[in-house]
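Shown here: structure37.pdb, PDB, C-alpha atoms.
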```pdb
ATOM      1  CA  MET P   1       4.265 101.727-139.220
ATOM      2  CA  ALA P   2       3.386 102.234-135.918
ATOM      3  CA  ALA P   3       3.109 105.229-134.065
ATOM      4  CA  PRO P   4       5.087 107.469-132.055
ATOM      5  CA  GLY P   5       8.846 106.916-131.531
ATOM      6  CA  LEU P   6      10.802 104.776-133.728
ATOM      7  CA  LEU P   7      14.199 105.151-134.779
ATOM      8  CA  PRO P   8      15.184 104.547-137.595
ATOM      9  CA  GLY P   9      12.097 103.029-138.779
ATOM     10  CA  MET P  10       8.497 102.980-138.645
ATOM     11  CA  GLY P  11       6.712 104.437-135.859
ATOM     12  CA  ARG P  12       5.041 103.934-132.614
ATOM     13  CA  LEU P  13       1.640 102.995-131.460
ATOM     14  CA  LEU P  14      -0.601 104.241-128.761
ATOM     15  CA  GLU P  15      -2.910 102.002-126.858
ATOM     16  CA  MET P  16      -5.230 102.600-123.959
ATOM     17  CA  PRO P  17      -4.035 102.210-121.369
ATOM     18  CA  ALA P  18      -0.751 101.962-123.159
ATOM     19  CA  VAL P  19       1.313 104.163-125.325
ATOM     20  CA  LEU P  20       4.538 104.555-127.144
ATOM     21  CA  GLY P  21       8.171 104.607-126.761
ATOM     22  CA  ARG P  22      11.562 106.014-126.404
ATOM     23  CA  LEU P  23      10.813 109.615-125.781
ATOM     24  CA  SER P  24      11.138 109.224-122.034
ATOM     25  CA  ARG P  25      14.735 108.021-122.282
ATOM     26  CA  ALA P  26      16.161 111.471-122.828
ATOM     27  CA  TYR P  27      14.386 112.895-119.818
ATOM     28  CA  SER P  28      17.426 112.484-117.592
ATOM     29  CA  LYS P  29      19.280 114.828-119.937
ATOM     30  CA  SER P  30      16.526 117.374-120.072
ATOM     31  CA  HIS P  31      15.620 120.266-117.858
ATOM     32  CA  ALA P  32      12.894 119.528-115.336
ATOM     33  CA  ILE P  33       9.638 121.040-116.489
ATOM     34  CA  ALA P  34       9.737 123.556-113.614
ATOM     35  CA  GLU P  35      13.046 124.850-114.962
ATOM     36  CA  VAL P  36      11.711 124.953-118.513
ATOM     37  CA  LEU P  37       8.795 127.143-117.482
ATOM     38  CA  GLN P  38      11.249 129.655-115.997
ATOM     39  CA  LEU P  39      13.170 130.126-119.245
ATOM     40  CA  PRO P  40      12.970 133.457-121.111
ATOM     41  CA  LYS P  41      10.113 133.446-123.599
ATOM     42  CA  ARG P  42      12.289 133.039-126.700
ATOM     43  CA  GLN P  43      14.190 130.097-125.239
ATOM     44  CA  LEU P  44      11.001 128.495-123.961
ATOM     45  CA  THR P  45       9.355 128.763-127.381
ATOM     46  CA  LYS P  46      12.378 127.247-129.093
ATOM     47  CA  LEU P  47      12.425 124.318-126.669
ATOM     48  CA  VAL P  48       8.724 123.611-126.256
ATOM     49  CA  PHE P  49       7.193 124.933-129.492
ATOM     50  CA  PRO P  50       9.850 124.493-132.229
ATOM     51  CA  LEU P  51       7.294 124.884-135.011
ATOM     52  CA  GLN P  52       6.389 128.336-133.725
ATOM     53  CA  GLU P  53      10.076 129.214-133.662
ATOM     54  CA  LEU P  54      10.453 128.147-137.305
ATOM     55  CA  GLU P  55       7.443 130.210-138.336
ATOM     56  CA  ARG P  56       9.367 133.361-137.396
ATOM     57  CA  TYR P  57      11.594 132.819-140.429
ATOM     58  CA  LEU P  58       8.737 132.839-142.939
ATOM     59  CA  LEU P  59       7.952 135.931-144.975
ATOM     60  CA  PRO P  60       4.929 137.736-143.479
ATOM     61  CA  ASP P  61       3.052 137.896-146.780
ATOM     62  CA  SER P  62       3.608 134.271-147.775
ATOM     63  CA  LYS P  63       3.083 132.264-144.624
ATOM     64  CA  PRO P  64       1.707 128.769-145.308
ATOM     65  CA  ASP P  65      -0.587 127.254-142.729
ATOM     66  CA  LEU P  66       1.466 125.172-140.298
ATOM     67  CA  HIS P  67      -1.702 124.436-138.288
ATOM     68  CA  LEU P  68      -0.126 125.756-135.113
ATOM     69  CA  ASP P  69      -3.545 126.231-133.516
ATOM     70  CA  THR P  70      -4.655 122.635-134.089
ATOM     71  CA  PHE P  71      -2.932 121.511-130.915
ATOM     72  CA  ASP P  72      -1.925 124.507-128.829
ATOM     73  CA  PRO P  73      -1.935 123.486-125.162
ATOM     74  CA  SER P  74      -1.302 125.784-122.257
ATOM     75  CA  LEU P  75       1.955 125.586-120.328
ATOM     76  CA  GLU P  76      -0.090 124.263-117.424
ATOM     77  CA  ASP P  77      -1.257 121.308-119.534
ATOM     78  CA  ILE P  78       2.299 120.647-120.683
ATOM     79  CA  ALA P  79       3.441 120.577-117.069
ATOM     80  CA  ARG P  80       0.613 118.199-116.151
ATOM     81  CA  ALA P  81       1.487 115.892-119.026
ATOM     82  CA  GLU P  82       5.092 115.647-117.861
ATOM     83  CA  SER P  83       3.939 114.036-114.631
ATOM     84  CA  PHE P  84       2.643 111.021-116.568
ATOM     85  CA  PHE P  85       6.054 110.423-118.122
ATOM     86  CA  THR P  86       8.030 110.939-114.923
ATOM     87  CA  ALA P  87       8.748 107.684-113.128
ATOM     88  CA  SER P  88       8.148 107.571-109.395
ATOM     89  CA  ALA P  89       7.152 105.087-106.732
ATOM     90  CA  ARG P  90       3.504 105.766-107.547
ATOM     91  CA  ASN P  91       3.927 106.121-111.307
ATOM     92  CA  ARG P  92       6.016 103.345-112.790
ATOM     93  CA  VAL P  93       7.236 103.630-116.375
ATOM     94  CA  GLU P  94       8.358 100.154-117.331
ATOM     95  CA  TYR P  95       9.137  97.801-120.167
ATOM     96  CA  LEU P  96       6.555  95.062-120.280
ATOM     97  CA  SER P  97       7.424  92.618-123.024
ATOM     98  CA  SER P  98       8.176  91.967-126.696
ATOM     99  CA  ALA P  99       6.105  90.337-129.393
ATOM    100  CA  VAL P 100       6.856  88.967-132.833
ATOM    101  CA  ARG P 101       3.255  88.147-133.724
ATOM    102  CA  LEU P 102      -0.112  89.595-132.859
ATOM    103  CA  ASP P 103      -1.027  86.564-130.757
ATOM    104  CA  HIS P 104       2.077  87.290-128.700
ATOM    105  CA  ALA P 105       0.913  90.804-127.937
ATOM    106  CA  PRO P 106      -0.033  91.173-124.293
ATOM    107  CA  ASP P 107      -3.487  91.861-123.021
ATOM    108  CA  LEU P 108      -3.409  95.181-121.255
ATOM    109  CA  PRO P 109      -2.090  96.042-118.873
ATOM    110  CA  ARG P 110       1.149  94.413-119.992
ATOM    111  CA  PRO P 111       3.344  94.906-123.230
ATOM    112  CA  GLU P 112       6.471  93.778-125.352
ATOM    113  CA  GLY P 113       9.743  94.155-127.640
ATOM    114  CA  HIS P 114      13.129  94.793-129.315
ATOM    115  CA  THR P 115      13.393  96.946-132.385
ATOM    116  CA  LYS P 116      13.091  93.852-134.552
ATOM    117  CA  LYS P 117       9.963  93.081-132.583
ATOM    118  CA  MET P 118       7.113  95.067-131.100
ATOM    119  CA  ASN P 119       8.156  96.522-127.743
ATOM    120  CA  PHE P 120       5.554  97.425-125.138
ATOM    121  CA  PHE P 121       6.086 100.032-122.426
ATOM    122  CA  LYS P 122       3.535 100.706-119.731
ATOM    123  CA  VAL P 123       3.344 104.344-118.642
ATOM    124  CA  GLY P 124       1.842 104.273-115.180
ATOM    125  CA  LYS P 125      -1.839 103.412-115.229
ATOM    126  CA  PHE P 126      -2.453 105.762-118.119
ATOM    127  CA  PHE P 127      -1.468 104.103-121.412
ATOM    128  CA  THR P 128       0.974 101.761-123.147
ATOM    129  CA  LEU P 129       3.492 102.754-125.796
ATOM    130  CA  VAL P 130       4.325 100.255-128.500
ATOM    131  CA  ASP P 131       7.653 100.603-130.275
ATOM    132  CA  MET P 132       7.390  99.050-133.731
ATOM    133  CA  PRO P 133      10.192  97.760-135.959
ATOM    134  CA  GLY P 134      11.440  99.839-138.874
ATOM    135  CA  TYR P 135       9.695  99.630-142.232
ATOM    136  CA  GLY P 136      12.667 100.357-144.503
ATOM    137  CA  TYR P 137      15.309  98.081-145.931
ATOM    138  CA  ARG P 138      16.235  96.920-142.411
ATOM    139  CA  ALA P 139      12.719  95.721-141.684
ATOM    140  CA  PRO P 140      12.439  92.156-140.323
ATOM    141  CA  GLU P 141      11.356  89.509-142.815
ATOM    142  CA  ASP P 142       8.036  88.997-141.069
ATOM    143  CA  PHE P 143       7.324  92.723-140.974
ATOM    144  CA  VAL P 144       4.113  92.517-143.013
ATOM    145  CA  ASP P 145       2.597  89.667-140.998
ATOM    146  CA  MET P 146       3.604  91.207-137.695
ATOM    147  CA  VAL P 147       2.917  94.903-138.192
ATOM    148  CA  GLU P 148       0.041  94.974-140.669
ATOM    149  CA  THR P 149      -1.904  92.453-138.632
ATOM    150  CA  TYR P 150      -1.317  94.404-135.460
ATOM    151  CA  LEU P 151      -2.409  97.684-137.006
ATOM    152  CA  LYS P 152      -5.557  96.216-138.494
ATOM    153  CA  GLU P 153      -6.678  94.148-135.528
ATOM    154  CA  ARG P 154      -5.589  95.955-132.351
ATOM    155  CA  LYS P 155      -8.885  97.490-131.276
ATOM    156  CA  ASN P 156      -7.517  99.739-128.536
ATOM    157  CA  LEU P 157      -4.933 101.405-130.748
ATOM    158  CA  MET P 158      -5.305 105.145-130.213
ATOM    159  CA  ARG P 159      -2.791 106.677-132.621
ATOM    160  CA  THR P 160       0.125 105.751-134.861
ATOM    161  CA  PHE P 161       3.223 107.953-134.925
ATOM    162  CA  LEU P 162       5.436 107.886-137.991
ATOM    163  CA  LEU P 163       9.003 109.054-137.450
ATOM    164  CA  ILE P 164      10.309 111.022-140.403
ATOM    165  CA  ASP P 165      13.978 112.026-140.610
ATOM    166  CA  SER P 166      13.782 115.799-140.974
ATOM    167  CA  VAL P 167      17.223 115.910-142.600
ATOM    168  CA  VAL P 168      16.143 113.947-145.685
ATOM    169  CA  GLY P 169      12.356 114.316-145.596
ATOM    170  CA  ILE P 170       9.818 111.723-146.725
ATOM    171  CA  GLN P 171      11.524 108.795-148.454
ATOM    172  CA  LYS P 172      10.188 105.786-150.367
ATOM    173  CA  ALA P 173      10.300 103.696-147.221
ATOM    174  CA  ASP P 174       8.147 106.297-145.452
ATOM    175  CA  ASP P 175       5.615 106.072-148.273
ATOM    176  CA  ILE P 176       5.075 102.425-147.314
ATOM    177  CA  ALA P 177       4.071 103.408-143.805
ATOM    178  CA  ILE P 178       1.913 106.306-144.967
ATOM    179  CA  GLU P 179       0.091 104.157-147.529
ATOM    180  CA  MET P 180      -0.523 101.507-144.867
ATOM    181  CA  CYS P 181      -2.044 104.010-142.458
ATOM    182  CA  GLU P 182      -4.216 105.496-145.193
ATOM    183  CA  GLU P 183      -5.331 102.085-146.422
ATOM    184  CA  PHE P 184      -6.298 100.931-142.936
ATOM    185  CA  ALA P 185      -7.911 104.293-142.129
ATOM    186  CA  LEU P 186      -5.678 104.705-139.083
ATOM    187  CA  PRO P 187      -5.332 108.113-137.466
ATOM    188  CA  TYR P 188      -1.629 108.944-137.494
ATOM    189  CA  VAL P 189       0.847 111.708-136.780
ATOM    190  CA  MET P 190       4.150 112.668-138.397
ATOM    191  CA  VAL P 191       6.997 113.266-135.973
ATOM    192  CA  LEU P 192      10.005 114.952-137.574
ATOM    193  CA  THR P 193      13.173 113.729-135.875
ATOM    194  CA  LYS P 194      16.764 115.052-135.752
ATOM    195  CA  ILE P 195      15.815 118.706-136.052
ATOM    196  CA  ASP P 196      19.120 119.616-134.402
ATOM    197  CA  LYS P 197      21.021 118.199-137.406
ATOM    198  CA  SER P 198      20.016 120.835-139.962
ATOM    199  CA  SER P 199      20.375 124.552-140.465
ATOM    200  CA  LYS P 200      17.241 126.626-139.901
ATOM    201  CA  GLY P 201      16.903 127.144-143.645
ATOM    202  CA  HIS P 202      17.133 123.458-144.528
ATOM    203  CA  LEU P 203      14.797 122.432-141.712
ATOM    204  CA  LEU P 204      12.234 125.036-142.728
ATOM    205  CA  LYS P 205      12.371 123.824-146.332
ATOM    206  CA  GLN P 206      11.733 120.240-145.220
ATOM    207  CA  VAL P 207       8.912 121.270-142.889
ATOM    208  CA  LEU P 208       7.167 123.188-145.681
ATOM    209  CA  GLN P 209       7.503 120.288-148.106
ATOM    210  CA  ILE P 210       6.200 117.758-145.611
ATOM    211  CA  GLN P 211       3.369 120.073-144.547
ATOM    212  CA  LYS P 212       2.307 120.436-148.173
ATOM    213  CA  PHE P 213       2.366 116.664-148.545
ATOM    214  CA  VAL P 214       0.192 116.202-145.439
ATOM    215  CA  ASP P 215      -2.276 118.863-146.578
ATOM    216  CA  THR P 216      -2.659 117.601-150.152
ATOM    217  CA  LYS P 217      -1.944 113.868-150.162
ATOM    218  CA  THR P 218      -3.214 112.460-146.867
ATOM    219  CA  GLN P 219      -6.590 112.019-145.235
ATOM    220  CA  GLY P 220      -5.842 110.339-141.930
ATOM    221  CA  CYS P 221      -2.762 112.308-140.918
ATOM    222  CA  PHE P 222      -3.049 114.840-138.102
ATOM    223  CA  PRO P 223      -2.509 118.212-139.822
ATOM    224  CA  GLN P 224       0.073 119.538-137.372
ATOM    225  CA  LEU P 225       3.662 118.270-137.562
ATOM    226  CA  PHE P 226       5.725 117.546-134.438
ATOM    227  CA  PRO P 227       9.425 118.407-134.922
ATOM    228  CA  VAL P 228      11.615 116.934-132.170
ATOM    229  CA  SER P 229      15.223 116.447-131.158
ATOM    230  CA  ALA P 230      16.455 113.747-128.799
ATOM    231  CA  VAL P 231      19.652 115.763-128.385
ATOM    232  CA  THR P 232      18.316 119.195-127.440
ATOM    233  CA  TYR P 233      14.947 117.855-126.268
ATOM    234  CA  SER P 234      13.197 120.435-128.422
ATOM    235  CA  GLY P 235       9.574 119.503-129.111
ATOM    236  CA  ILE P 236       9.518 116.536-126.731
ATOM    237  CA  HIS P 237       7.401 118.252-124.073
ATOM    238  CA  LEU P 238       4.774 119.208-126.651
ATOM    239  CA  LEU P 239       4.668 115.711-128.122
ATOM    240  CA  ARG P 240       4.253 114.184-124.687
ATOM    241  CA  CYS P 241       1.421 116.588-123.983
ATOM    242  CA  PHE P 242      -0.243 115.562-127.239
ATOM    243  CA  ILE P 243      -0.022 111.904-126.210
ATOM    244  CA  ALA P 244      -1.486 112.670-122.797
ATOM    245  CA  ASN P 245      -4.272 114.609-124.478
ATOM    246  CA  ILE P 246      -5.333 112.012-127.058
ATOM    247  CA  THR P 247      -5.384 109.296-124.404
ATOM    248  CA  GLY P 248      -7.819 111.380-122.374
ATOM    249  CA  ASN P 249      -5.468 112.048-119.468
ATOM    250  CA  LEU P 250      -5.666 115.826-119.545
ATOM    251  CA  LYS P 251      -9.394 115.942-119.012
ATOM    252  CA  ASP P 252     -10.506 117.441-115.746
TER     253      ASP P 252
END
```

Now, as a test, write the supplied structure out as structure tokens.
Amino acid sequence: MAAPGLLPGMGRLLEMPAVLGRLSRAYSKSHAIAEVLQLPKRQLTKLVFPLQELERYLLPDSKPDLHLDTFDPSLEDIARAESFFTASARNRVEYLSSAVRLDHAPDLPRPEGHTKKMNFFKVGKFFTLVDMPGYGYRAPEDFVDMVETYLKERKNLMRTFLLIDSVVGIQKADDIAIEMCEEFALPYVMVLTKIDKSSKGHLLKQVLQIQKFVDTKTQGCFPQLFPVSAVTYSGIHLLRCFIANITGNLKD
């Protein structure tokens, strides 16, 4: 259960100065942030703030709290955050290494992995992203020894991101990751993936169910959900900005 990115599995982790995972891959398919900021307001909201877009479909007199104000950065901050994830001669975004055990994990700055392992990606001088293996039925045999130990003992771990398939919602395998984060008192975030795969009605239903779960059955989960799509790139800019913010890189 690691933090931010994982597909199909557990999550991704954020370390200082390290951070998380695959979100930067789709950047070549995305609009440059300068182009995004020029979009008409409705299109911009749909792309950058998908949760706000979904809220429009709720009945005015029965709106649940989606905690939209918990993390509500300015467009300027979102643009600044993009610079950290954009590779250049002065800002290298690179794969560092892979680890199958905690004692294989690199001392920063340098990371590791394959999806059956822990993969470390250095994002400039700012943070390292750790891509963790899945926690479902495809989990590696040594999952418990590898992942639980890492989560409990990695002192510079900033945040864990759990990837939840928004088409099917929270499954039994996801409960494993959630229980682990709660047991270890780890601050974590739920990232809802594949939001392009569902109708607005189905997606909204899943968001409301997951939001209720977060509000009533978790203590360490960040209250705001982060819906994303690797296909349309919706929500990715906001999630990146959140990562830049929690690692202290948006401070003046």

Minimum-distance residue to Gly124 of chain P, chosen among P:Ser199, P:Thr232, P:Asn245, P:Ser83 (using only C-alpha atoms):
P:Ser83

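Take the candidates P:Ser62, P:Asn249, P:Ser166, P:Thr160 and check each one against Gln209 of chain P using all atoms listed in the file; the shortest distance goes to P:Ser166.
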
Separating atom CA of Ile78 of chain P from atom CA of Leu129 of chain P, to the nearest tenth of an Å, is a gap of 18.6 Å

Skipping near chain neighbours, those fewer than 2 positions away, what residues fall within 9 Å of Leu51 of chain P using all atoms listed in the file, listed as an MDAnalysis selection string?
chainID P and resid 45:46 48:49 53:55 66 68 207 225:227 235

Nearby residues (only C-alpha atoms) at most 10 Å from Ala244 of chain P, same-chain spacing under 4 positions excluded, as a VMD selection string:
chain P and resid 19 77 to 78 80 to 85 126 to 127 238 to 240 248 to 251

Between P:His237, P:Lys125, P:Lys152, P:Lys172, which residue has the minimum interatomic distance to Pro73 of chain P, considering all atoms listed in the file?
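Nearest candidate to Pro73 of chain P out of P:His237, P:Lys125, P:Lys152, P:Lys172: P:His237.
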